[in-house]
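Here is model.cif, consisting of mmCIF, C-alpha atoms:
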```cif
data_run
loop_
_atom_site.label_atom_id
_atom_site.label_comp_id
_atom_site.auth_asym_id
_atom_site.auth_seq_id
_atom_site.Cartn_x
_atom_site.Cartn_y
_atom_site.Cartn_z
CA MET A 17 -36.48 -0.83 -16.71
CA VAL A 18 -35.29 1.37 -19.57
CA THR A 19 -32.87 3.15 -17.23
CA PHE A 20 -31.41 -0.17 -16.10
CA TRP A 21 -30.80 -1.46 -19.64
CA LEU A 22 -29.21 1.85 -20.61
CA LEU A 23 -26.88 2.06 -17.61
CA ALA A 24 -26.07 -1.65 -17.17
CA PRO A 25 -23.73 -1.89 -20.22
CA ILE A 26 -22.00 1.35 -19.20
CA MET A 27 -21.46 0.04 -15.67
CA VAL A 28 -20.10 -3.27 -16.95
CA LEU A 29 -17.66 -1.54 -19.31
CA ALA A 30 -16.55 0.85 -16.54
CA ALA A 31 -16.06 -2.10 -14.17
CA LEU A 32 -13.93 -3.87 -16.77
CA GLY A 33 -11.93 -0.67 -17.21
CA LEU A 34 -11.43 -0.58 -13.45
CA LEU A 35 -9.97 -4.10 -13.53
CA PHE A 36 -7.78 -3.81 -16.61
CA ALA A 37 -6.68 -0.14 -16.49
CA ARG A 38 -2.91 0.25 -16.26
CA LYS A 39 -3.01 3.70 -14.65
CA ALA A 40 -4.53 4.42 -11.24
CA VAL A 41 -6.20 7.62 -12.45
CA HIS A 42 -8.04 5.77 -15.22
CA ALA A 43 -9.16 3.10 -12.75
CA ALA A 44 -10.47 5.78 -10.38
CA LEU A 45 -12.39 7.50 -13.16
CA SER A 46 -13.93 4.15 -14.17
CA LEU A 47 -15.02 3.60 -10.58
CA ALA A 48 -16.56 7.08 -10.53
CA VAL A 49 -18.62 6.17 -13.61
CA VAL A 50 -19.88 3.05 -11.83
CA MET A 51 -20.81 5.04 -8.73
CA ILE A 52 -22.67 7.73 -10.68
CA SER A 53 -24.61 5.09 -12.64
CA LEU A 54 -25.48 3.35 -9.38
CA ALA A 55 -26.79 6.64 -7.99
CA VAL A 56 -29.05 7.04 -11.02
CA LEU A 57 -30.38 3.52 -10.44
CA TYR A 58 -31.14 4.47 -6.83
CA ALA A 59 -33.11 7.46 -8.06
CA ALA A 60 -35.02 5.25 -10.51
CA GLN A 61 -35.94 2.93 -7.59
CA ASP A 62 -37.51 5.83 -5.62
CA ALA A 63 -34.62 6.03 -3.15
CA PRO A 64 -33.70 9.74 -3.12
CA PHE A 65 -31.73 9.52 0.13
CA LEU A 66 -29.41 6.81 -1.19
CA PHE A 67 -29.11 8.76 -4.46
CA ALA A 68 -27.95 11.89 -2.61
CA VAL A 69 -25.55 9.93 -0.36
CA GLN A 70 -24.06 8.10 -3.34
CA ILE A 71 -23.40 11.34 -5.22
CA ILE A 72 -22.31 13.57 -2.33
CA VAL A 73 -20.37 11.16 -0.11
CA TYR A 74 -18.95 8.42 -2.31
CA THR A 75 -18.59 10.08 -5.71
CA GLY A 76 -18.21 13.71 -4.70
CA ALA A 77 -16.07 13.30 -1.58
CA ILE A 78 -14.25 9.97 -1.43
CA MET A 79 -13.52 9.47 -5.13
CA MET A 80 -12.56 13.08 -5.79
CA LEU A 81 -10.29 13.05 -2.72
CA PHE A 82 -8.65 9.88 -4.06
CA LEU A 83 -8.10 11.55 -7.43
CA PHE A 84 -6.60 14.65 -5.80
CA VAL A 85 -4.20 12.48 -3.80
CA LEU A 86 -3.13 10.65 -6.96
CA MET A 87 -2.54 13.91 -8.81
CA LEU A 88 -0.57 15.44 -5.92
CA VAL A 89 1.54 12.41 -5.09
CA GLY A 90 2.06 11.29 -8.68
CA VAL A 91 1.92 7.83 -10.20
CA ASP A 92 4.96 7.96 -12.46
CA ALA A 93 7.00 5.49 -10.41
CA SER A 94 6.67 1.97 -11.73
CA GLU A 95 5.74 -0.67 -9.18
CA SER A 96 7.52 -3.96 -8.86
CA LEU A 97 5.51 -7.00 -9.97
CA ARG A 98 7.42 -9.31 -7.67
CA GLU A 99 5.45 -10.55 -4.66
CA THR A 100 6.85 -9.45 -1.33
CA ILE A 101 4.62 -11.90 0.57
CA GLY A 102 4.52 -15.43 -0.74
CA GLY A 103 1.11 -16.90 -1.58
CA GLN A 104 -0.81 -13.63 -1.37
CA ARG A 105 -2.46 -14.16 -4.75
CA LEU A 106 -3.83 -17.55 -3.73
CA ALA A 107 -5.06 -16.12 -0.45
CA ALA A 108 -6.72 -13.21 -2.25
CA ALA A 109 -8.41 -15.60 -4.71
CA PHE A 110 -9.71 -17.77 -1.86
CA ILE A 111 -11.05 -14.79 0.09
CA GLY A 112 -12.69 -13.47 -3.09
CA LEU A 113 -14.45 -16.78 -3.68
CA VAL A 114 -15.69 -16.89 -0.09
CA PHE A 115 -16.95 -13.32 -0.36
CA GLY A 116 -18.71 -14.07 -3.65
CA LEU A 117 -20.36 -17.16 -2.15
CA THR A 118 -21.55 -15.09 0.82
CA VAL A 119 -23.04 -12.47 -1.48
CA VAL A 120 -24.82 -15.13 -3.56
CA ILE A 121 -26.31 -16.75 -0.45
CA ALA A 122 -27.42 -13.38 0.95
CA VAL A 123 -29.05 -12.35 -2.33
CA GLY A 124 -30.71 -15.76 -2.66
CA GLN A 125 -32.22 -15.54 0.81
CA THR A 126 -33.44 -12.03 0.11
CA VAL A 127 -35.07 -12.95 -3.19
CA SER A 128 -36.66 -16.15 -1.86
CA GLY A 129 -38.30 -14.32 1.06
CA ALA A 130 -41.48 -12.28 0.99
CA VAL A 131 -41.06 -9.04 -0.96
CA THR A 132 -42.72 -6.07 0.70
CA GLY A 133 -42.57 -3.69 -2.24
CA LEU A 134 -41.35 -0.14 -2.64
CA ARG A 135 -44.63 1.49 -1.72
CA ALA A 136 -44.88 -0.34 1.60
CA ALA A 137 -41.16 0.17 2.38
CA ASN A 138 -41.34 3.88 1.54
CA GLY A 139 -44.76 4.43 3.07
CA ASN A 140 -43.54 7.15 5.46
CA GLY A 141 -40.74 8.29 3.16
CA ASN A 142 -37.46 6.79 2.07
CA PRO A 143 -35.28 8.41 4.80
CA TYR A 144 -37.73 7.23 7.49
CA GLY A 145 -37.73 3.64 6.22
CA LEU A 146 -33.94 3.60 5.96
CA SER A 147 -33.48 5.01 9.47
CA GLU A 148 -35.97 2.49 10.84
CA LEU A 149 -33.82 -0.35 9.46
CA LEU A 150 -30.48 1.17 10.55
CA PHE A 151 -31.54 2.05 14.10
CA GLY A 152 -33.93 -0.86 14.55
CA LYS A 153 -33.19 -4.25 13.07
CA TYR A 154 -29.55 -3.55 12.14
CA VAL A 155 -28.61 -1.19 14.98
CA LEU A 156 -25.80 -3.44 16.31
CA ALA A 157 -24.19 -3.83 12.90
CA PHE A 158 -24.50 -0.08 12.36
CA GLU A 159 -22.85 0.73 15.71
CA PHE A 160 -20.03 -1.78 15.14
CA THR A 161 -19.39 -0.30 11.69
CA SER A 162 -19.29 3.25 13.05
CA ALA A 163 -16.91 2.16 15.85
CA LEU A 164 -14.66 0.49 13.25
CA LEU A 165 -14.58 3.65 11.11
CA ILE A 166 -13.77 5.84 14.13
CA THR A 167 -10.98 3.44 15.15
CA ALA A 168 -9.55 3.56 11.61
CA ALA A 169 -9.63 7.38 11.61
CA LEU A 170 -7.92 7.57 15.02
CA GLY A 171 -5.32 5.01 13.93
CA ALA A 172 -4.51 7.04 10.82
CA MET A 173 -4.11 10.18 12.95
CA VAL A 174 -1.82 8.40 15.43
CA LEU A 175 0.34 6.89 12.68
CA ALA A 176 0.65 10.20 10.81
CA HIS A 177 1.30 12.29 13.92
CA GLN A 178 4.84 13.49 14.57
CA GLU A 179 6.10 15.17 17.70
CA ARG A 180 7.49 18.65 17.06
CA LEU A 181 10.90 19.08 18.67
CA THR A 182 11.40 22.70 17.64
CA PRO A 183 9.03 25.68 17.90
CA ARG A 184 6.79 26.34 14.93
CA HIS A 185 8.12 29.05 12.62
CA SER A 186 5.82 31.89 11.63
CA GLN A 187 5.40 33.13 8.08
CA ALA A 188 7.59 36.15 8.83
CA ASP A 189 10.38 33.88 10.11
CA ILE A 190 10.21 31.72 7.00
CA ALA A 191 10.33 34.80 4.73
CA ALA A 192 13.31 36.25 6.63
CA ARG A 193 15.19 32.94 6.44
CA ARG A 194 14.50 32.72 2.70
CA MET A 195 15.88 36.24 2.18
CA ARG A 196 19.01 35.36 4.17
CA ASP A 197 19.51 32.25 2.04
CA TYR A 198 19.23 34.35 -1.12
CA ALA A 199 21.70 36.90 0.24
CA ASP A 200 24.23 34.22 1.21
CA SER A 201 24.02 32.46 -2.15
CA GLY A 202 23.96 35.67 -4.21
CA ARG A 203 20.77 34.70 -6.00
CA HIS A 204 17.93 37.02 -6.95
CA PRO A 205 15.17 36.90 -4.28
CA GLY A 206 12.33 37.28 -6.76
CA PRO A 207 11.46 36.07 -10.23
CA LEU A 208 13.86 37.22 -12.93
CA ALA A 209 12.73 39.26 -15.89
CA THR A 210 11.51 37.21 -18.83
CA PRO A 211 13.12 37.51 -22.29
CA GLY A 212 12.02 40.60 -24.20
CA VAL A 213 10.85 42.56 -21.15
CA PHE A 214 11.62 46.28 -21.61
CA ALA A 215 13.32 45.33 -24.88
CA ARG A 216 12.48 46.35 -28.41
CA HIS A 217 11.77 42.80 -29.55
CA ASN A 218 9.65 40.52 -27.33
CA ALA A 219 11.28 37.19 -28.17
CA VAL A 220 12.87 34.35 -26.24
CA ASP A 221 16.27 35.07 -27.80
CA THR A 222 16.19 38.77 -26.85
CA PRO A 223 17.58 39.53 -23.36
CA ALA A 224 15.69 41.75 -20.96
CA LEU A 225 17.01 45.20 -20.06
CA LEU A 226 18.08 46.36 -16.63
CA PRO A 227 17.14 49.88 -15.44
CA ASP A 228 20.49 51.21 -16.75
CA GLY A 229 19.79 49.78 -20.21
CA THR A 230 22.27 46.88 -20.09
CA PRO A 231 21.10 43.42 -21.16
CA LEU A 232 20.29 40.85 -18.47
CA GLU A 233 22.09 37.69 -19.55
CA SER A 234 20.27 35.48 -17.03
CA SER A 235 16.95 36.19 -18.77
CA ILE A 236 18.03 34.08 -21.75
CA SER A 237 17.92 30.32 -21.62
CA SER A 238 21.33 28.76 -21.08
CA SER A 239 20.72 26.37 -23.98
CA LEU A 240 20.27 29.31 -26.38
CA VAL A 241 23.46 30.89 -25.06
CA ALA A 242 25.40 27.63 -25.44
CA ARG A 243 24.19 27.23 -29.03
CA GLY A 244 24.91 30.86 -29.86
CA GLN A 245 21.31 31.65 -30.78
CA VAL A 246 21.03 34.90 -28.83
CA ARG A 247 19.81 37.72 -31.06
CA ASP A 248 22.62 39.75 -32.69
CA GLY A 249 22.60 43.51 -33.17
CA PHE A 250 20.86 44.11 -29.89
CA ASP A 251 23.17 46.97 -28.90
CA ASP A 252 22.22 48.83 -32.09
CA ASP A 253 18.56 48.48 -31.16
CA ILE A 254 19.28 49.85 -27.69
CA ASP A 255 20.95 52.92 -29.18
CA ALA A 256 18.01 53.44 -31.51
CA VAL A 257 15.55 53.22 -28.63
CA VAL A 258 17.59 55.70 -26.55
CA GLU A 259 17.76 58.16 -29.44
CA GLN A 260 14.02 57.84 -30.01
CA LEU A 261 13.32 58.53 -26.33
CA GLN A 262 15.61 61.57 -26.37
CA ASP A 263 13.86 62.93 -29.46
CA ASP A 264 10.48 62.43 -27.80
CA ASP A 265 11.63 64.28 -24.69
CA GLU A 266 12.97 67.21 -26.75
CA SER A 267 9.81 67.48 -28.81
CA PHE A 268 7.67 67.33 -25.69
CA GLY A 269 9.75 70.02 -24.01
CA GLY A 270 9.54 72.25 -27.08
CA GLU A 271 5.76 72.03 -27.20
CA LYS A 272 5.45 72.79 -23.54
#
```

Please re-express this file's structure in C-alpha cells.
Amino acid sequence: MVTFWLLAPIMVLAALGLLFARKAVHAALSLAVVMISLAVLYAAQDAPFLFAVQIIVYTGAIMMLFLFVLMLVGVDASESLRETIGGQRLAAAFIGLVFGLTVVIAVGQTVSGAVTGLRAANGNGNPYGLSELLFGKYVLAFEFTSALLITAALGAMVLAHQERLTPRHSQADIAARRMRDYADSGRHPGPLATPGVFARHNAVDTPALLPDGTPLESSISSSLVARGQVRDGFDDDIDAVVEQLQDDDESFGGEK
C-alpha cells in the first residue's frame, strides 16, 4: 500500500507530462517513468515475471529503441497543425470514449466477480499461473495476438524492402571510390591539421606547419582569415624555432 501511494502521484505526473509535452523525447521519457513505476507495482504484487517483462521488454527494449530512433532521425522539423483528414479528431474522441467504456465494463466485471487471491493464483509460482491462463483460458486470444504481431513485422519488412539493381559494393570498393573523388576534386583525403599543430603557439589563430615549415592556411578558420585575426609575427617565431633546433643539433653533436 505504501508503494502504491508513493508511485501513484509520480505516475500521474508522468502521464500528464506525456500528454502535454511539446517534444517527442520528453514524452517518451515520461512514458518510460510510467512503465518503470508500473514494473515496481508488479513486483509489490508478487508478480516477478511481469516485473521482469515490463523492465526488459517494454522499458529496456521498446522505449529505448524509440528514443534511439528519435535521436537519430531528429525532431527539429515542425509539424503542421492542419488536419489532412477531415473529422479525424472527432473520430479519435469517439473511439477513445468507446475504449474507455470497454475498460470500465471489463474492470467492473472483474471486481464484481469472486476474487481468488494472490496466494491461490500464485500457488505453483507466478510464471506457472500466467502460462496456465495464456495457454489455457485465453489461448485463442494469445494466438491471434501473436499472428497479428508477426503479420505487422512481415508487413514492415515488405514495405521497407528495396530491390537492389546493382551489385553490392565492398568496403575496398567504397574506399577506392572515395580516394578517386578526392583526387578529382583536389581535396585532402584525410583530416587536416588543426590550428597550432607543430607550431610554437597552440591557438586557434595560429596556423599549423607543413613538413617544410610553411604555414598551412587551410588549418585556420575562414572567418578568422576574413576578419584578419590570424596571429601576426608567425614567421619570426618559425625562424626562432629553426635556430633553436639547429643549436640543439650542434650541441648534441659536440657532446657526442

Exercise for the section: Using only C-alpha atoms, find the one residue out of A:Leu83, A:Leu29, A:Leu54, A:Leu117 that sits nearest to A:Val69. Expected result: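 Once distances to A:Val69 are computed over only C-alpha atoms, the minimum belongs to A:Leu54.
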
Handout entry: Distance query stretch 35-52 of chain A at most 8 Å, all atoms listed in the file, self and fewer than 3 positions along chain excluded, as a ChimeraX atom specification
Key = /A:26-27,30-32,55-56,70-71,74-75,79,82-83,86,91

Would you mind listing what lies within 12 Å of A:Leu150 as a tab-separated table (two decimals) with C-alpha atoms, in the frame of the given file, with all atoms listed in the file counted and same-chain residues fewer than 6 positions away left out?
```
chain	number	residue	atom	x	y	z
A	143	PRO	CA	-35.28	8.41	4.80
A	144	TYR	CA	-37.73	7.23	7.49
A	156	LEU	CA	-25.80	-3.44	16.31
A	157	ALA	CA	-24.19	-3.83	12.90
A	158	PHE	CA	-24.50	-0.08	12.36
A	159	GLU	CA	-22.85	0.73	15.71
A	160	PHE	CA	-20.03	-1.78	15.14
A	161	THR	CA	-19.39	-0.30	11.69
A	162	SER	CA	-19.29	3.25	13.05
```

If the box runs along x, y and z of the file and leaves 4 Å on each side of stretch 186-202 of chain A, what are its centre and edge lengths in Å, one decimal, as lines of an AutoDock Vina configuration file?
```
center_x = 14.8
center_y = 34.3
center_z = 3.7
size_x = 26.8
size_y = 13.2
size_z = 23.8
```

Handout entry: Atomic separation - atom CA of A:Asp62 relative to atom CA of A:Pro25, Å
Key =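 Answer for the atom CA of A:Pro25 to atom CA of A:Asp62 separation: 21.5 Å.
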
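The environment of stretch 242-246 of chain A within 10 Å, counting only C-alpha atoms and disregarding residues fewer than 6 places along the same chain, consists of A:Val220, A:Asp221, A:Thr222, A:Pro223, A:Glu233, A:Ile236.
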
Exercise for the section: Tell me, in Å to one decimal, how far atom CA of A:Ala59 is from atom CA of A:Ser147. Expected result: 17.7 Å

Exercise for the section: Go ahead and compute the interatomic distance for atom CA of A:Ile78 and atom CA of A:Ala168, in Å to one decimal. Expected result: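 Value for the atom CA of A:Ile78-atom CA of A:Ala168 distance: 15.3 Å.
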
Exercise for the section: List the residues matched by the PyMOL selection byres ((chain A and resi 142) around 12) in the displayed structure as a ChimeraX atom specification, ordered by chain and then by residue number. Expected result: /A:58-59,61-68,134-141,143-149
